[in-house]
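**Student:** Pasting coords.pdb below, which is PDB, C-alpha atoms and all ligand atoms.
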```pdb
ATOM      1  CA  MET A   1       9.654  -6.337  -5.560  1.00  0.00           C
ATOM      2  CA  ARG A   2       8.342  -6.857  -2.099  1.00  0.00           C
ATOM      3  CA  VAL A   3      10.871  -7.743   0.588  1.00  0.00           C
ATOM      4  CA  ASP A   4       9.940  -9.178   3.941  1.00  0.00           C
ATOM      5  CA  VAL A   5      11.598  -7.907   7.065  1.00  0.00           C
ATOM      6  CA  ASP A   6      12.452  -9.497  10.379  1.00  0.00           C
ATOM      7  CA  VAL A   7      11.589  -7.246  13.287  1.00  0.00           C
ATOM      8  CA  THR A   8      13.201  -7.801  16.684  1.00  0.00           C
ATOM      9  CA  GLU A   9      12.637  -5.812  19.848  1.00  0.00           C
ATOM     10  CA  ILE A  10      15.904  -4.439  21.203  1.00  0.00           C
ATOM     11  CA  GLU A  11      17.200  -2.016  23.803  1.00  0.00           C
ATOM     12  CA  LEU A  12      18.911   1.105  22.507  1.00  0.00           C
ATOM     13  CA  GLU A  13      21.288   3.334  24.425  1.00  0.00           C
ATOM     14  CA  GLY A  14      19.699   6.490  25.763  1.00  0.00           C
ATOM     15  CA  ASP A  15      21.310   9.329  27.658  1.00  0.00           C
ATOM     16  CA  HIS A  16      20.764   7.811  31.086  1.00  0.00           C
ATOM     17  CA  THR A  17      18.903   4.624  30.428  1.00  0.00           C
ATOM     18  CA  THR A  18      18.033   2.182  27.730  1.00  0.00           C
ATOM     19  CA  ILE A  19      15.177   2.858  25.360  1.00  0.00           C
ATOM     20  CA  PRO A  20      12.991   0.207  23.769  1.00  0.00           C
ATOM     21  CA  GLY A  21      13.475   0.002  20.066  1.00  0.00           C
ATOM     22  CA  LEU A  22      13.284  -2.239  17.051  1.00  0.00           C
ATOM     23  CA  ALA A  23      15.883  -3.832  14.839  1.00  0.00           C
ATOM     24  CA  VAL A  24      14.448  -4.189  11.346  1.00  0.00           C
ATOM     25  CA  GLU A  25      16.370  -6.620   9.184  1.00  0.00           C
ATOM     26  CA  CYS A  26      16.150  -7.020   5.438  1.00  0.00           C
ATOM     27  CA  SER A  27      15.430 -10.677   4.750  1.00  0.00           C
ATOM     28  CA  ARG A  28      17.210 -10.422   1.424  1.00  0.00           C
ATOM     29  CA  CYS A  29      20.644  -9.170   2.429  1.00  0.00           C
ATOM     30  CA  GLY A  30      20.620  -9.008   6.224  1.00  0.00           C
ATOM     31  CA  HIS A  31      21.016  -5.236   6.394  1.00  0.00           C
ATOM     32  CA  VAL A  32      19.736  -4.004   9.745  1.00  0.00           C
ATOM     33  CA  VAL A  33      18.468  -0.615  10.821  1.00  0.00           C
ATOM     34  CA  GLU A  34      17.593   0.358  14.371  1.00  0.00           C
ATOM     35  CA  VAL A  35      14.766   2.670  15.340  1.00  0.00           C
ATOM     36  CA  TYR A  36      13.573   4.034  18.642  1.00  0.00           C
ATOM     37  CA  GLY A  37      10.173   2.922  19.807  1.00  0.00           C
ATOM     38  CA  THR A  38       8.296  -0.312  19.279  1.00  0.00           C
ATOM     39  CA  SER A  39       5.062   0.921  17.732  1.00  0.00           C
ATOM     40  CA  GLY A  40       3.805   0.186  14.267  1.00  0.00           C
ATOM     41  CA  ALA A  41       4.984   3.630  13.245  1.00  0.00           C
ATOM     42  CA  SER A  42       8.492   2.738  14.398  1.00  0.00           C
ATOM     43  CA  GLU A  43       8.402  -0.433  12.348  1.00  0.00           C
ATOM     44  CA  ARG A  44       7.253   1.472   9.276  1.00  0.00           C
ATOM     45  CA  ARG A  45      10.022   3.990   9.814  1.00  0.00           C
ATOM     46  CA  GLY A  46      12.540   1.170   9.910  1.00  0.00           C
ATOM     47  CA  CYS A  47      11.141  -0.198   6.684  1.00  0.00           C
ATOM     48  CA  ALA A  48      11.554   3.175   5.005  1.00  0.00           C
ATOM     49  CA  MET A  49      15.125   3.405   6.282  1.00  0.00           C
ATOM     50  CA  LEU A  50      15.839  -0.016   4.809  1.00  0.00           C
ATOM     51  CA  ARG A  51      14.451   1.149   1.517  1.00  0.00           C
ATOM     52  CA  GLU A  52      17.010   3.938   1.539  1.00  0.00           C
ATOM     53  CA  ASP A  53      19.934   2.033   3.050  1.00  0.00           C
ATOM     54  CA  CYS A  54      19.714  -1.503   1.707  1.00  0.00           C
ATOM     55  CA  PRO A  55      22.160  -2.055  -1.138  1.00  0.00           C
ATOM     56  CA  TYR A  56      19.409  -3.889  -2.977  1.00  0.00           C
ATOM     57  CA  GLY A  57      16.642  -1.605  -1.869  1.00  0.00           C
ATOM     58  CA  GLU A  58      16.402   0.975  -4.625  1.00  0.00           C
ATOM     59  CA  SER A  59      13.138  -0.350  -5.970  1.00  0.00           C
ATOM     60  CA  ASN A  60      12.045  -2.599  -3.156  1.00  0.00           C
ATOM     61  CA  PHE A  61       9.140  -2.222  -0.812  1.00  0.00           C
ATOM     62  CA  TYR A  62       9.565  -3.311   2.763  1.00  0.00           C
ATOM     63  CA  GLY A  63       6.682  -4.366   4.882  1.00  0.00           C
ATOM     64  CA  ASP A  64       3.308  -3.199   3.650  1.00  0.00           C
ATOM     65  CA  GLU A  65       2.929  -0.419   1.131  1.00  0.00           C
ATOM     66  CA  ALA A  66       0.358   1.507   3.122  1.00  0.00           C
ATOM     67  CA  GLY A  67       2.868   1.682   5.938  1.00  0.00           C
ATOM     68  CA  LEU A  68       5.524   2.952   3.598  1.00  0.00           C
ATOM     69  CA  ALA A  69       3.279   5.744   2.405  1.00  0.00           C
ATOM     70  CA  GLN A  70       2.749   6.842   5.972  1.00  0.00           C
ATOM     71  CA  CYS A  71       6.444   6.507   6.642  1.00  0.00           C
ATOM     72  CA  LYS A  72       7.253   8.832   3.781  1.00  0.00           C
ATOM     73  CA  ALA A  73       4.703  11.321   5.068  1.00  0.00           C
ATOM     74  CA  GLU A  74       6.367  11.248   8.484  1.00  0.00           C
ATOM     75  CA  ARG A  75       9.772  11.792   6.970  1.00  0.00           C
ATOM     76  CA  ASP A  76       8.475  14.608   4.812  1.00  0.00           C
ATOM     77  CA  SER A  77       7.196  16.315   7.937  1.00  0.00           C
ATOM     78  CA  ARG A  78      10.833  16.346   9.115  1.00  0.00           C
ATOM     79  CA  TRP A  79      10.351  14.051  12.035  1.00  0.00           C
ATOM     80  CA  ARG A  80      13.554  13.606  13.987  1.00  0.00           C
ATOM     81  CA  TRP A  81      14.665  11.063  16.565  1.00  0.00           C
TER      82      TRP A  81
HETATM   83 ZN    ZN A 101      18.524  -5.699   1.821  1.00  0.00          ZN
END
```
What is this file in structure tokens?
**Tutor:**
Amino acid sequence: MRVDVDVTEIELEGDHTTIPGLAVECSRCGHVVEVYGTSGASERRGCAMLREDCPYGESNFYGDEAGLAQCKAERDSRWRW
């Protein structure tokens, strides 16, 4: 099934300053993941993390499916924070 997410801009702790980021919340169970950056790619990354982390997320799609495909490609290229 498709699950909507709530995306909120937040400030994350950096080494010496705060870094803009996003909190992506599963609308179904309230599980939240935090990602660095506020771009569309960051949002898609958060959606992919929800898909892995949400207790209900095994077969769910978060956000739009095209974004998820790109997210998976980014993860497969071993992108790191
Ligand atoms: Zn959830």
**Student:** Using all atoms listed in the file, determine which residues fall within 7 Å of ligand ZN 101 (chain A), then list them as a list in words.
**Tutor:**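 The distance check yields Cys26, Ser27, Arg28, Cys29, Gly30, His31, Leu50, Cys54, Pro55, Tyr56 and Gly57 of chain A.
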**Student:** Quick check, in Å to one decimal: how far apart do atom CA of A:Val35 and atom CA of A:Gly14 lie?
**Tutor:** 12.1 Å
**Student:** Using the chain letters and numbers from the file, which residues does the PyMOL selection byres (((chain A and resi 5) around 8) and not hetatm) grab, as a PDB file with C-alpha atoms, in the coordinates of the input?
**Tutor:**
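Wrote out_13.pdb, looks like this:
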```pdb
ATOM      1  CA  VAL A   3      10.871  -7.743   0.588  1.00  0.00           C
ATOM      2  CA  ASP A   4       9.940  -9.178   3.941  1.00  0.00           C
ATOM      3  CA  ASP A   6      12.452  -9.497  10.379  1.00  0.00           C
ATOM      4  CA  VAL A   7      11.589  -7.246  13.287  1.00  0.00           C
ATOM      5  CA  VAL A  24      14.448  -4.189  11.346  1.00  0.00           C
ATOM      6  CA  GLU A  25      16.370  -6.620   9.184  1.00  0.00           C
ATOM      7  CA  CYS A  26      16.150  -7.020   5.438  1.00  0.00           C
ATOM      8  CA  SER A  27      15.430 -10.677   4.750  1.00  0.00           C
ATOM      9  CA  CYS A  47      11.141  -0.198   6.684  1.00  0.00           C
ATOM     10  CA  TYR A  62       9.565  -3.311   2.763  1.00  0.00           C
ATOM     11  CA  GLY A  63       6.682  -4.366   4.882  1.00  0.00           C
TER      12      GLY A  63
END
```
**Student:** Using 4 Å of padding on each side, determine the axis-aligned box around all atoms of stretch 35-38 of chain A present in the file and give its centre and edge lengths in Å to one decimal, as AutoDock Vina command-line options.
**Tutor:**
```
--center_x 11.5 --center_y 1.9 --center_z 17.6 --size_x 14.5 --size_y 12.3 --size_z 12.5
```
**Student:** Determine, counting all atoms listed in the file, which protein, DNA and RNA residues have an atom within 6 Å of an atom of A:Leu22; residues of the same chain fewer than 3 positions away are not included. Present the result as number ranges by chain.
**Tutor:** A: 8-10, 34-35, 38
**Student:** When you count all atoms listed in the file, which of these residues is closest to A:Thr18: A:Tyr36, A:Gly46, A:Ala41, A:Arg2?
**Tutor:**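 With all atoms listed in the file as the atom set, the closest residue is A:Tyr36.
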**Student:** So how far away is atom CA of A:Glu11 from atom CA of A:Ser39, in Å?
**Tutor:** 13.9 Å
**Student:** Suppose you want the space between atom CA of A:Arg44 and atom CA of A:His16; what is it in Å?
**Tutor:**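 Pair atom CA of A:Arg44 / atom CA of A:His16 returns 26.4 Å.
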**Student:** Which residue, A:Ala23, A:Leu12, A:Val32, A:Thr17, has the smallest gap to A:Glu52 when you use all atoms listed in the file?
**Tutor:**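 Using all atoms listed in the file, the shortest distance to A:Glu52 belongs to A:Val32.
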